[in-house]
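Visitor: If you scroll down you'll find the structure; I have some questions about it.
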Amino acid sequence: MNYTVTETPCKSGENKIFGVLYLPKEHKDRLPVVILSHGYNSSYSHVLDIAQSLAERGFAAYCYDFCGGSTLSKSGGSSADMSIETEISDLKNVISMISECSFADTERIYLYGESQGGFVSALTAAQLTDRIAGMALLYPAFCIPDNWISEDPEKMTEPVDFMGMKLSRKFREGLPEYDVFEAVSRFKAPVLLLHGDNDMLVDISYSEKLCSALENCRLDVYENEGHGFSPKARKHMREAMVAFFEKLAF
């Protein structure tokens, strides 16, 4: 391997964030960095293939677990305390930690996110437009507000089972109370969206609407792919995404 892998923790409030850092072995100058965010009830391990490809091409890459973001999470926190709001806070803390590292070029910090992690990455980038130089999002879950808006948090007196995790009213209360497409439109740096046209969980229309809202966006559509790409499509997606970041960074 022409890169190293180091366990590199971060703090988010009272919680410890588990993360791993990929660094090219031979580098003299500061490096472009991609911060990778996993999806709902997923983990850092599911984006390691992306980190490896990036490190092989001269990027630093950081993969981490959201606090309470998965039954597999190695970070602190409970899923009953997790929300979009807390995941935005987690990502902001990761960005701050990475920005203080000696290897990081703070003018070349990028985000990559999958599903809910893509939604969180986009909302975070919209709040930190001067610190994020671009992002790539795999089927970002902009459907989340629509899916949850009818839920009355006052009636969520007990944790509910949702897609393999227990969520509380905190998840509903932590939803954005604003037009998420308008908010993300403030982000002017380049964006790559990758989405399957057979996605039954996050309809591709959400990425079409997002791409229309963004000033500098490209949407790559993968035919007959759903939520969770086939190995062949993921390989193609990974190559396209790395090429996108290379064009921005070098």
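Lettering and numbering for the structure tokens are positional, with chains as A, B, ... in the shown order, residues counted from 1 in each chain, and ligands counted from 1 in the shown order.
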With stretch 81-90 of chain A as the partner and 8 Å as the cut-off, tabulate the residues of stretch 160-219 of chain A that qualify, each row holding the nearest pair of atoms and their distance in Å to one decimal, using only C-alpha atoms, sorted by chain and rising number, as CSV.

Guide:
residue,atom,partner,partner_atom,distance
A:Leu167,CA,A:Met82,CA,7.4
A:Ser168,CA,A:Asp81,CA,7.0
A:Lys170,CA,A:Asp81,CA,6.1
A:Phe171,CA,A:Ser83,CA,4.2
A:Arg172,CA,A:Ser83,CA,7.4
A:Glu173,CA,A:Ser83,CA,7.9
A:Gly174,CA,A:Glu85,CA,5.0
A:Leu175,CA,A:Ile84,CA,5.9
A:Pro176,CA,A:Glu85,CA,7.6

Visitor: Any chance you could export the current selection's C-alpha atoms as a PDB file, in the first residue's frame?

Guide:
ATOM      1  CA  LEU A 167     -35.319   6.611  17.226  1.00  0.00           C
ATOM      2  CA  SER A 168     -36.969   9.041  19.606  1.00  0.00           C
ATOM      3  CA  LYS A 170     -35.417  13.941  19.103  1.00  0.00           C
ATOM      4  CA  PHE A 171     -35.058  12.768  15.504  1.00  0.00           C
ATOM      5  CA  ARG A 172     -38.303  14.485  14.511  1.00  0.00           C
ATOM      6  CA  GLU A 173     -37.443  17.604  16.499  1.00  0.00           C
ATOM      7  CA  GLY A 174     -33.994  17.716  14.870  1.00  0.00           C
ATOM      8  CA  LEU A 175     -35.350  17.951  11.328  1.00  0.00           C
ATOM      9  CA  PRO A 176     -34.612  21.141   9.358  1.00  0.00           C
TER      10      PRO A 176
END

Visitor: Under the rule of at most 7 Å, produce a per-residue listing of stretch 73-188 of chain A near stretch 200-208 of chain A: chain, number, name, the closest pair of atoms, and the distance in Å, as JSON lines, using only C-alpha atoms.

Guide:
{"residue": "A:Tyr139", "atom": "CA", "partner": "A:Val202", "partner_atom": "CA", "distance": 6.8}
{"residue": "A:Ala141", "atom": "CA", "partner": "A:Val202", "partner_atom": "CA", "distance": 5.9}
{"residue": "A:Phe142", "atom": "CA", "partner": "A:Tyr206", "partner_atom": "CA", "distance": 6.1}
{"residue": "A:Cys143", "atom": "CA", "partner": "A:Val202", "partner_atom": "CA", "distance": 6.2}

Visitor: Using only C-alpha atoms for the distances, tell me which of A:Ala189, A:Ala213, A:Leu194, A:Met135 is nearest to A:Ser115.

Guide: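 Of the candidates, the smallest distance to A:Ser115 is held by A:Leu194.
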
Visitor: Using only C-alpha atoms, find the one residue out of A:Ser53, A:Ser96, A:Ser102, A:Asn15 that sits nearest to A:Ser75.

Guide: A:Asn15

Visitor: With distances taken over only C-alpha atoms, which residue among A:Gly58, A:Gly226, A:Gly164, A:Pro9 lies nearest A:Val33?

Guide: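 Closest residue, counting only C-alpha atoms: A:Gly58.
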